[in-house]
Each structure stands twice: as structure tokens, then as C-alpha cells.
Amino acid sequence: MSDPASPSAPTDSPQHRYNPELAAKIELTWQKRWADQGTFEAPNPVGDLSKGFERVEGSPKLFVLDMFPYPSGTGLHVGHPLGFIGTDVFARYHRMAGKNVLHAMGYDAFGLPAEQYAVQTGQHPRVTTEANVANMRRQLGRLGLGYDARRSVSTTDTDFYRWTQWIFLQLFNSWFDPDQQKARPISELEERFDAGTTEMPDGRRWTELSDADKRAALSEHRLAYIADAPVNWCPALGTVLANEEVTNEGRSDRGNFPVYRRPMRQWMLRITAYADRLLDDLDHLDWTDAIKVMQRNWIGRSTGATVRFDVEGIAGKSIEVFTTRPDTLFGATYMVLAPEHPLVDQLTTADWPQDIPGSWKGSLASEAPGAAVAAYRAHAQAMTEIERQTATKVKTGVFTGSYATNPVNDESIPIFIADYVLMGYGTGAIMAVPAHDERDFEFARSFDLPIVEVVAPSGDWYEQQELAPGATAEYWKEAYVGNGHAVRSHNDEISLDGLAVTDAKVLISNWLAGVGKGADNDLRLPLRPVDGL
């Protein structure tokens with residue numbers, strides 16, 4: 001290098017130019033040193049296992065894990081480092097603060113992305129997946145991210161996958177003990193049934209059951225079980241899709257193929273059994289309040305009552321609904337079932353009953369009930385859950401031809417199917433109280449159904465609605481969903497009139513339980529259907 005004092009040296013040029021070549025040299029030098037010295041390798045725990053390894057080599061532990069990337073492409077995209085860099089900064093900070101940080105990385109190769117990539121490239125999925133994983137590891141290393149390479153896994157590795165199968169078997173052979181609030185071996189429950197120390201839910205004797213009935217009874221308690229549930233079925237892809245993989249137009253995110261909502265038999269996990277524990281343990285997590293609220297809403301514990309409505313004309317058949325507002329039962333003027341509800345076929349009559357409004361038949365007034373119901377079911381299957389729950393969507397439905405009896409006033413109420421009721425939420429059936437629920441109100445207006453107020457609005461509400469004080473619900477412009485006292489809610493045995501909502505709920509729930517038409521209970525309702533396996 002020339003002498004800076006030499007007259008021949010340029011005075012406006014830096015002595016050291018930082019360019020891509022120099023940046024690469026510096027980064028590769030340090031990355032090699034980190035790899036050679038095992039800078040990011042977390043020491044293995046030492047100490048007393050029974051104490052949970054509270055300290056590791058004198059330092060607190062910290063496990064940091066990113067969301068695994070999908071090796072369904074040849075390399076990373078810009079969205080990957082966008083998230084990984086933030087996590088890496090977090091891990092480096094705590095490592096420099098003296099913690100023993102295990103920052104691990106894995107590759108989630110199972111599922112539709114890897115399958116479709118293999119279809120597109122024509123290569124065996126293991127060949128393309130392993131090549132993509134190797135390239136992603138190289139790219140992550142080139143970014144200088146501080147992962148412990150020894151702890152890297154791929155979900156397709158045999159040594160990894162065998163443990164997922166082991167976990168499934170533990171779930172299948174376990175049940176949730178509400179007394180101990182944890183999973184116990186299913187064999188213990190079987191022994192309790194056999195000894196008679198635990199009664200069967202339906203009152204039958206275990207020793208009198210056939211082997212098939214015993215298996216069915218245990219399945220009602222297993223943490224992993226088979227059941228029919230509505231799913232997003234894509235025939236072109238030959239698989240079920242998550243809600244996030246379905247576009248707003250009801251098509252697959254990959255391939256743009258039609259997706260249909262259909263009930264399918266599948267493996268399920270009984271996660272709702274853990275609802276109370278999940279809710280309680282949120283208080284111990286170092287998460288933001290916003291995230292905790294989202295989790296509580298997703299777990300969705302609701303308190304209310306189960307109510308049974310007898311179906312008219314079918315002996316011994318009833319429809320069970322769960323409602324958080326049993327105090328409004330006197331205002332239930334019709335029922336709505338999800339199109340996928342298993343009772344729809346039994347409820348659909350051969351002909352339309354006489355003297356029903358033409359609006360009850362939906363848009364297929366000339367069709368018989370069976371044809372109308374089948375057509376509407378096909379319509380609902382083509383919609384996503386998001387579309388079905390959109391508040392601004394015009395309410396549609398079809399009358400099944402059957403009626404149920406309201407247990408508090410013995411009135412006959414028609415039974416409809418409508419896409420705004422989901423089979424994956426509650427029992428897949430609702431008692432519709434149009435005066436006090438916006439969706440029910442809109443449906444009732446579209447189908448010329450009675451609207452009966454059973455909770456008295458405040459005077460201010462009438463004024464806001466530009467209505468005369470005390471105007472009946474037939475003149476309302478929208479449902480009243482606020483608090484108030486019960487009105488028009490009495491029969492020969494019970495009266496809720498004048499009671500506040502809270503007191504009315506308790507009284508009607510106890511009455512329903514007493515006459516064998518319902519029970520006061522809690523229901524755990526995930527906002528999305530329980531995912532199948």
C-alpha cells in the first residue's frame with residue numbers, strides 16, 4: 001500500500017473498501033471459526049434428573065425454537081430469514097447474558113407441500129426433500145444464524161418419526177381423568193368399569209356388554225379416537241386441507257382446485273378434555289396479554305345449558321342444543337341444524353307440509369324437501385367456514401319439513417338447515433331466538449318467522465332505534481342483544497318474568513334438569529373444529 005503522505009496517493013479514496021468480496025471473506029472466516037469451536041453448541045445437561053436440571057453447568061437453561069421451514073422448494077425465501085433473524089438475535093442476547101441456550105432447527109417435510117413438489121418434479125419425495133434440506137442448512141449457515149447443528153432434525157427421519165408414532169400410541173391408550181386432571185392408562189378405566197367402581201355414562205353394566213360395545217365405550221374416552229367430522233376435502237389433491245389452505249373463493253391454495261366441506265371419518269384428538277388446564281396454565285406463561293386473549297378465545301370455554309327438543313312425529317328422537325342463553329328459551333321460534341348434521345336425513349320429509357310460507361322452501365320452492373335439502377347441502381359443502389360465518393352474508397336455508405317441540409311452552413317450531421350453523425361448533429344445532437341474536441334475526445326476517453322478545457330493552461334502546469317505547473319485536477330493525485329483565489317467559493310451572501339475565505339462567509337451567517329436558521353445564525368449544533390427524 002502506498003504511503004498516505006505520498007503526493008501520488010489519492011486523497012478522496014478510502015484506504016479499506018468494504019465490498020461484497022470483503023464482506024463474504026469476513027463472514028465466512030467467522031462462520032468457520034464458530035463451527036470449529038462449537039460456539040452455538042449447547043452443553044448437555046448435568047446434575048440431578050429428579051430436580052429437572054434447574055441449572056446446567058452453572059447457567060440457566062433456555063430453549064429457543066423457530067417454526068420449521070417446509071423443504072418443499074429448492075431453497076429459502078425472504079420470509080424465512082425475516083422471522084429467523086429476530087429469533088437469532090433473541091438467542092444471542094441470552095447466550096451473551098450467561099444462559100446456556102439451545103437454539104435448534106428442524107425441517108417439516110411431511111404434508112401437501114412436499115407431496116405436490118414431488119408430483120411437479122417427478123422425483124421421489126425423499127430424494128428432493130433431502131436435497132432441499134441440505135441446501136436450506138447451507139443457506140442458514142451462510143446467514144450466520146446460531147443453531148446447534150447437532151440438534152437439527154427432519155420430520156421424515158426414521159429416528160424422529162418413530163417417536164411421533166410412539167406418542168400417538170400413548171394417546172390412544174390413555175384417557176383424561178378429571179379427578180387427577182391428567183391422562184391415565186385406558187386399562188385403568190376398563191378395570192373400573194369391570195369392577196363397577198365407575199359407572200358407565202349410559203347406565204349399562206360393563207359385564208353385560210359385547211366386545212364391540214366395550215371397544216365403542218372406551219373409544220368415547222380415549223385421547224385419540226375415530227369420529228366423523230366436517231373437513232375441507234379437495235378431490236383433485238386427494239387430501240384434506242386446513243382452513244388456511246383454502247382461499248376465500250373456496251379453492252385450494254395449491255393448484256386452485258375446488259374444495260368441499262364434507263363429513264369424513266378420521267382420527268381425532270380429545271383436546272377439549274384439557275380445556276380447564278390449558279386456560280389455567282395460560283396465567284403462568286410469559287406471553288403478551290393479546291396472545292393470551294387469542295388463546296382463551298380459541299379454547300372457548302362457554303357456560304350455559306344443554307336443552308333437548310323432542311322431534312314431532314318421530315318417537316324417542318330429540319335434538320340437543322347447547323346455549324349460553326337458556327333464559328331466552330321462551331323466545332325460541334325455530335331451530336337450525338348444520339347441513340352436515342347426522343339427523344338431517346331423518347328429519348327431511350317426503351313432501352312439504354301444507355300451508356307453510358313459500359319462503360321456508362328457500363330458493364327451490366318447486367322442489368320436494370329431499371331435493372331441496374340435497375341441493376342446499378351441496379351449496380354449503382362448496383363454502384369455507386369463513387364464508388359461512390361472514391356477518392354480512394345474506395342468510396339462506398331450507399325447511400326440512402319437520403317440527404320440534406319447545407320444552408318450555410310446548411309450541412311447535414320448524415326445523416331448518418342453514419349454512420351459518422357449523423357442525424364443528426357445539427352440537428351442530430341451535431335454538432333460534434331471533435329477537436336477541438343478530439344472525440337469527442336476519443334469518444327470521446328472510447323466512448317470515450316469528451320474532452318474540454323475551455328480554456326487555458332499555459328505554460334508550462327504543463329511542464336509538466327510532467321506535468316507540470315498548471314497540472314489539474315485529475317492528476324492530478335489529479335484534480336486542482343487551483342485558484335486561486325477562487318478559488313473556490312463563491308457563492304453569494315456572495316464571496322468569498322480571499328476573500335479571502343471570503338469575504333467569506340459573507332458574508331455567510335447574511327447571512330443565514328437573515323435568516329431564518336439559519342440564520346446566522360447561523362446554524368447551526374451539527372456534528375452529530378439532531383438527532383430524
# chains A, B, ... in the order shown; residues from 1 in each chain; ligands from 1
>>> residues_around(residues="His436 in chain A", least_positions_apart="6", cutoff="6 Å", atoms="only C-alpha atoms", output="ChimeraX atom specification")
/A:479-481
>>> write_last_selection(atoms="N, CA and C atoms", output="compact mmCIF listing (two decimals), in the first residue's frame")
# COMPACT_ATOMS: atom_id res chain seq x y z
N ALA A 479 -81.85 -7.06 16.23
CA ALA A 479 -82.03 -7.81 17.47
C ALA A 479 -81.51 -7.01 18.66
N TYR A 480 -82.12 -7.23 19.80
CA TYR A 480 -81.62 -6.62 21.03
C TYR A 480 -80.76 -7.65 21.75
N VAL A 481 -79.46 -7.39 21.88
CA VAL A 481 -78.53 -8.37 22.45
C VAL A 481 -77.98 -7.91 23.80
>>> select_by_dssp(residues="range 211-439 of chain A", states="alpha helix (DSSP H)", output="ChimeraX atom specification")
/A:211-219,275-281,289-299,344-347,369-381,385-389,438-439
>>> write_last_selection(atoms="N, CA and C atoms", output="short mmCIF file (atom, residue, chain, number, x, y, z; two decimals), in the first residue's frame")
data_model
loop_
_atom_site.label_atom_id
_atom_site.label_comp_id
_atom_site.auth_asym_id
_atom_site.auth_seq_id
_atom_site.Cartn_x
_atom_site.Cartn_y
_atom_site.Cartn_z
N ASP A 211 -68.05 -57.41 23.17
CA ASP A 211 -66.71 -56.88 22.96
C ASP A 211 -66.74 -55.61 22.10
N ALA A 212 -67.62 -55.60 21.09
CA ALA A 212 -67.73 -54.43 20.22
C ALA A 212 -68.23 -53.22 21.00
N ASP A 213 -69.22 -53.43 21.89
CA ASP A 213 -69.75 -52.33 22.69
C ASP A 213 -68.70 -51.83 23.69
N LYS A 214 -67.89 -52.74 24.21
CA LYS A 214 -66.83 -52.32 25.14
C LYS A 214 -65.81 -51.45 24.41
N ARG A 215 -65.44 -51.85 23.20
CA ARG A 215 -64.49 -51.04 22.43
C ARG A 215 -65.08 -49.66 22.13
N ALA A 216 -66.36 -49.65 21.79
CA ALA A 216 -67.02 -48.37 21.49
C ALA A 216 -67.07 -47.48 22.73
N ALA A 217 -67.34 -48.09 23.90
CA ALA A 217 -67.42 -47.32 25.14
C ALA A 217 -66.06 -46.72 25.50
N LEU A 218 -65.00 -47.50 25.34
CA LEU A 218 -63.66 -46.98 25.64
C LEU A 218 -63.25 -45.90 24.65
N SER A 219 -63.71 -46.03 23.42
CA SER A 219 -63.39 -45.02 22.41
C SER A 219 -63.96 -43.66 22.78
N ALA A 275 -59.29 -28.46 28.42
CA ALA A 275 -59.62 -27.04 28.31
C ALA A 275 -59.32 -26.28 29.61
N ASP A 276 -59.73 -26.84 30.74
CA ASP A 276 -59.51 -26.13 32.00
C ASP A 276 -58.03 -25.98 32.31
N ARG A 277 -57.27 -27.03 32.09
CA ARG A 277 -55.84 -26.95 32.35
C ARG A 277 -55.16 -25.95 31.43
N LEU A 278 -55.56 -25.97 30.16
CA LEU A 278 -54.98 -25.03 29.20
C LEU A 278 -55.26 -23.59 29.61
N LEU A 279 -56.50 -23.33 30.01
CA LEU A 279 -56.86 -21.98 30.43
C LEU A 279 -56.10 -21.56 31.69
N ASP A 280 -56.05 -22.44 32.68
CA ASP A 280 -55.37 -22.10 33.93
C ASP A 280 -53.88 -21.88 33.72
N ASP A 281 -53.27 -22.70 32.87
CA ASP A 281 -51.81 -22.61 32.69
C ASP A 281 -51.40 -21.39 31.87
N ASP A 289 -50.55 -10.07 26.78
CA ASP A 289 -51.98 -10.23 27.08
C ASP A 289 -52.78 -10.49 25.81
N ALA A 290 -52.37 -9.87 24.71
CA ALA A 290 -53.10 -10.05 23.45
C ALA A 290 -53.07 -11.50 23.00
N ILE A 291 -51.92 -12.15 23.11
CA ILE A 291 -51.80 -13.55 22.70
C ILE A 291 -52.60 -14.44 23.65
N LYS A 292 -52.58 -14.13 24.93
CA LYS A 292 -53.34 -14.93 25.89
C LYS A 292 -54.84 -14.83 25.61
N VAL A 293 -55.30 -13.64 25.25
CA VAL A 293 -56.72 -13.47 24.92
C VAL A 293 -57.08 -14.31 23.70
N MET A 294 -56.20 -14.31 22.69
CA MET A 294 -56.44 -15.13 21.50
C MET A 294 -56.54 -16.59 21.86
N GLN A 295 -55.65 -17.06 22.74
CA GLN A 295 -55.66 -18.46 23.15
C GLN A 295 -56.94 -18.79 23.93
N ARG A 296 -57.34 -17.90 24.81
CA ARG A 296 -58.57 -18.14 25.58
C ARG A 296 -59.78 -18.20 24.66
N ASN A 297 -59.80 -17.33 23.67
CA ASN A 297 -60.91 -17.35 22.71
C ASN A 297 -60.91 -18.62 21.89
N TRP A 298 -59.71 -19.11 21.53
CA TRP A 298 -59.62 -20.34 20.74
C TRP A 298 -60.09 -21.53 21.57
N ILE A 299 -59.67 -21.58 22.83
CA ILE A 299 -60.12 -22.68 23.70
C ILE A 299 -61.63 -22.57 23.90
N VAL A 344 -80.27 -34.82 9.77
CA VAL A 344 -80.95 -34.15 8.67
C VAL A 344 -81.71 -35.13 7.79
N ASP A 345 -81.11 -36.25 7.47
CA ASP A 345 -81.79 -37.24 6.60
C ASP A 345 -83.08 -37.74 7.23
N GLN A 346 -83.06 -37.99 8.55
CA GLN A 346 -84.27 -38.48 9.22
C GLN A 346 -85.34 -37.39 9.31
N LEU A 347 -84.91 -36.14 9.40
CA LEU A 347 -85.86 -35.05 9.58
C LEU A 347 -86.48 -34.58 8.26
N PRO A 369 -88.89 -31.62 -0.50
CA PRO A 369 -87.91 -31.37 0.56
C PRO A 369 -86.58 -32.11 0.36
N GLY A 370 -86.66 -33.38 -0.05
CA GLY A 370 -85.42 -34.14 -0.23
C GLY A 370 -84.49 -33.51 -1.24
N ALA A 371 -85.03 -33.11 -2.39
CA ALA A 371 -84.23 -32.49 -3.44
C ALA A 371 -83.70 -31.13 -2.99
N ALA A 372 -84.54 -30.36 -2.29
CA ALA A 372 -84.13 -29.04 -1.83
C ALA A 372 -83.01 -29.13 -0.80
N VAL A 373 -83.15 -30.07 0.14
CA VAL A 373 -82.13 -30.26 1.16
C VAL A 373 -80.82 -30.72 0.53
N ALA A 374 -80.90 -31.67 -0.41
CA ALA A 374 -79.69 -32.18 -1.06
C ALA A 374 -78.97 -31.06 -1.81
N ALA A 375 -79.74 -30.22 -2.51
CA ALA A 375 -79.13 -29.12 -3.26
C ALA A 375 -78.49 -28.11 -2.31
N TYR A 376 -79.16 -27.85 -1.19
CA TYR A 376 -78.59 -26.88 -0.25
C TYR A 376 -77.35 -27.43 0.42
N ARG A 377 -77.34 -28.72 0.70
CA ARG A 377 -76.13 -29.33 1.28
C ARG A 377 -74.95 -29.19 0.33
N ALA A 378 -75.19 -29.39 -0.96
CA ALA A 378 -74.12 -29.24 -1.94
C ALA A 378 -73.62 -27.79 -1.96
N HIS A 379 -74.56 -26.86 -1.84
CA HIS A 379 -74.20 -25.44 -1.78
C HIS A 379 -73.31 -25.17 -0.57
N ALA A 380 -73.64 -25.72 0.59
CA ALA A 380 -72.87 -25.47 1.81
C ALA A 380 -71.50 -26.13 1.75
N GLN A 381 -71.42 -27.29 1.12
CA GLN A 381 -70.15 -28.00 1.02
C GLN A 381 -69.13 -27.22 0.20
N GLU A 385 -65.57 -22.30 5.94
CA GLU A 385 -66.17 -21.91 7.20
C GLU A 385 -66.17 -20.39 7.35
N ILE A 386 -65.13 -19.74 6.85
CA ILE A 386 -65.06 -18.29 6.94
C ILE A 386 -66.22 -17.66 6.17
N GLU A 387 -66.48 -18.18 4.97
CA GLU A 387 -67.60 -17.67 4.17
C GLU A 387 -68.92 -17.90 4.89
N ARG A 388 -69.08 -19.06 5.49
CA ARG A 388 -70.34 -19.39 6.14
C ARG A 388 -70.60 -18.52 7.37
N GLN A 389 -69.54 -18.03 7.98
CA GLN A 389 -69.71 -17.24 9.20
C GLN A 389 -69.64 -15.74 8.96
N GLU A 438 -78.42 -11.54 16.35
CA GLU A 438 -78.43 -10.87 15.05
C GLU A 438 -78.59 -11.84 13.89
N ARG A 439 -77.86 -12.95 13.91
CA ARG A 439 -77.96 -13.90 12.79
C ARG A 439 -79.36 -14.50 12.72
#
>>> atom_distance(atom1="CA of Asp503 in chain A", atom2="CA of Thr303 in chain A")
14.0 Å
>>> select_by_dssp(residues="range 164-224 of chain A", states="strand (DSSP E or B)", output="PyMOL selection string")
chain A and resi 174-177+182-185+222+224
>>> write_last_selection(atoms="N, CA and C atoms", output="mmCIF file, in the first residue's frame")
data_model
loop_
_atom_site.group_PDB
_atom_site.id
_atom_site.type_symbol
_atom_site.label_atom_id
_atom_site.label_comp_id
_atom_site.auth_asym_id
_atom_site.auth_seq_id
_atom_site.Cartn_x
_atom_site.Cartn_y
_atom_site.Cartn_z
ATOM 1 N N SER A 174 -54.741 -43.925 26.371
ATOM 2 C CA SER A 174 -54.923 -43.101 27.572
ATOM 3 C C SER A 174 -56.290 -42.437 27.559
ATOM 4 N N TRP A 175 -56.740 -42.044 28.744
ATOM 5 C CA TRP A 175 -57.965 -41.277 28.903
ATOM 6 C C TRP A 175 -57.675 -40.155 29.891
ATOM 7 N N PHE A 176 -58.486 -39.107 29.859
ATOM 8 C CA PHE A 176 -58.274 -37.976 30.760
ATOM 9 C C PHE A 176 -59.085 -38.183 32.023
ATOM 10 N N ASP A 177 -58.388 -38.268 33.144
ATOM 11 C CA ASP A 177 -59.030 -38.445 34.444
ATOM 12 C C ASP A 177 -59.359 -37.058 35.004
ATOM 13 N N LYS A 182 -55.284 -35.281 34.639
ATOM 14 C CA LYS A 182 -54.192 -35.715 33.783
ATOM 15 C C LYS A 182 -54.568 -37.030 33.119
ATOM 16 N N ALA A 183 -53.770 -37.424 32.140
ATOM 17 C CA ALA A 183 -54.029 -38.666 31.414
ATOM 18 C C ALA A 183 -53.650 -39.871 32.258
ATOM 19 N N ARG A 184 -54.463 -40.923 32.139
ATOM 20 C CA ARG A 184 -54.198 -42.187 32.814
ATOM 21 C C ARG A 184 -54.355 -43.302 31.803
ATOM 22 N N PRO A 185 -53.735 -44.463 32.039
ATOM 23 C CA PRO A 185 -53.871 -45.592 31.108
ATOM 24 C C PRO A 185 -55.329 -46.004 30.937
ATOM 25 N N ARG A 222 -60.999 -42.376 25.014
ATOM 26 C CA ARG A 222 -59.602 -42.334 24.550
ATOM 27 C C ARG A 222 -59.230 -40.925 24.090
ATOM 28 N N ALA A 224 -57.093 -40.351 21.734
ATOM 29 C CA ALA A 224 -57.054 -40.453 20.271
ATOM 30 C C ALA A 224 -58.160 -41.412 19.860
#
>>> closest_residue(among="A:Phe90, A:Trp461, A:Tyr475, A:Tyr334", to="Ile417 in chain A", atoms="only C-alpha atoms")
A:Tyr334
>>> closest_residue(among="A:Trp511, A:Phe40, A:Phe110, A:Tyr93", to="Phe68 in chain A", atoms="only C-alpha atoms")
A:Phe110
>>> atom_distance(atom1="CA of Gly196 in chain A", atom2="CA of Glu220 in chain A")
17.6 Å
>>> residues_around(residues="Pro263 in chain A", least_positions_apart="2", cutoff="9 Å", atoms="only C-alpha atoms", output="list of chain:residue names")
A:Asp228, A:Ala229, A:Pro230, A:Val231, A:Asn232, A:Trp233, A:Arg261, A:Arg265, A:Glu340
>>> closest_atom_pairs(of="range 112-199 of chain A", to="range 58-64 of chain A", cutoff="12 Å", atoms="only C-alpha atoms", output="CSV")
residue,atom,partner,partner_atom,distance
A:Gly146,CA,A:Val64,CA,10.7
A:Tyr147,CA,A:Val64,CA,9.5
A:Asp148,CA,A:Val64,CA,10.6
A:Arg151,CA,A:Phe63,CA,11.6
>>> closest_residue(among="A:Arg270, A:Glu115, A:Gln120, A:Thr155", to="Leu171 in chain A", atoms="only C-alpha atoms")
A:Arg270
>>> residues_around(residues="Thr328 in chain A", least_positions_apart="2", cutoff="9 Å", atoms="only C-alpha atoms", output="list of chain:residue names")
A:Arg325, A:Pro326, A:Phe330, A:Gly331, A:Ala332, A:Val433, A:His436, A:Glu453, A:Val454, A:Val455, A:Ala486, A:Ser489, A:Val501, A:Ala504, A:Lys505
>>> decode(residues="range 222-236 of chain A", atoms="N, CA and C atoms", output="compact mmCIF listing (two decimals), in the first residue's frame")
# COMPACT_ATOMS: atom_id res chain seq x y z
N ARG A 222 -61.00 -42.38 25.01
CA ARG A 222 -59.60 -42.33 24.55
C ARG A 222 -59.23 -40.93 24.09
N LEU A 223 -57.97 -40.56 24.32
CA LEU A 223 -57.50 -39.25 23.87
C LEU A 223 -57.29 -39.21 22.36
N ALA A 224 -57.09 -40.35 21.73
CA ALA A 224 -57.05 -40.45 20.27
C ALA A 224 -58.16 -41.41 19.86
N TYR A 225 -59.05 -40.96 18.98
CA TYR A 225 -60.21 -41.77 18.63
C TYR A 225 -60.65 -41.44 17.20
N ILE A 226 -61.49 -42.30 16.66
CA ILE A 226 -62.01 -42.11 15.31
C ILE A 226 -63.43 -41.56 15.39
N ALA A 227 -63.70 -40.55 14.56
CA ALA A 227 -65.05 -39.97 14.54
C ALA A 227 -65.29 -39.31 13.19
N ASP A 228 -66.56 -39.07 12.90
CA ASP A 228 -66.93 -38.31 11.70
C ASP A 228 -66.90 -36.83 12.03
N ALA A 229 -66.28 -36.05 11.17
CA ALA A 229 -66.21 -34.61 11.39
C ALA A 229 -66.13 -33.90 10.04
N PRO A 230 -66.69 -32.70 9.94
CA PRO A 230 -66.62 -31.96 8.68
C PRO A 230 -65.21 -31.47 8.40
N VAL A 231 -64.77 -31.65 7.18
CA VAL A 231 -63.41 -31.26 6.80
C VAL A 231 -63.44 -30.58 5.44
N ASN A 232 -62.33 -29.95 5.08
CA ASN A 232 -62.17 -29.35 3.75
C ASN A 232 -61.58 -30.41 2.82
N TRP A 233 -62.42 -31.03 2.01
CA TRP A 233 -61.98 -32.12 1.14
C TRP A 233 -61.71 -31.60 -0.26
N CYS A 234 -60.50 -31.89 -0.76
CA CYS A 234 -60.13 -31.47 -2.11
C CYS A 234 -59.91 -32.73 -2.96
N PRO A 235 -60.89 -33.12 -3.78
CA PRO A 235 -60.76 -34.35 -4.58
C PRO A 235 -59.55 -34.33 -5.51
N ALA A 236 -59.26 -33.17 -6.10
CA ALA A 236 -58.15 -33.11 -7.06
C ALA A 236 -56.82 -33.41 -6.40
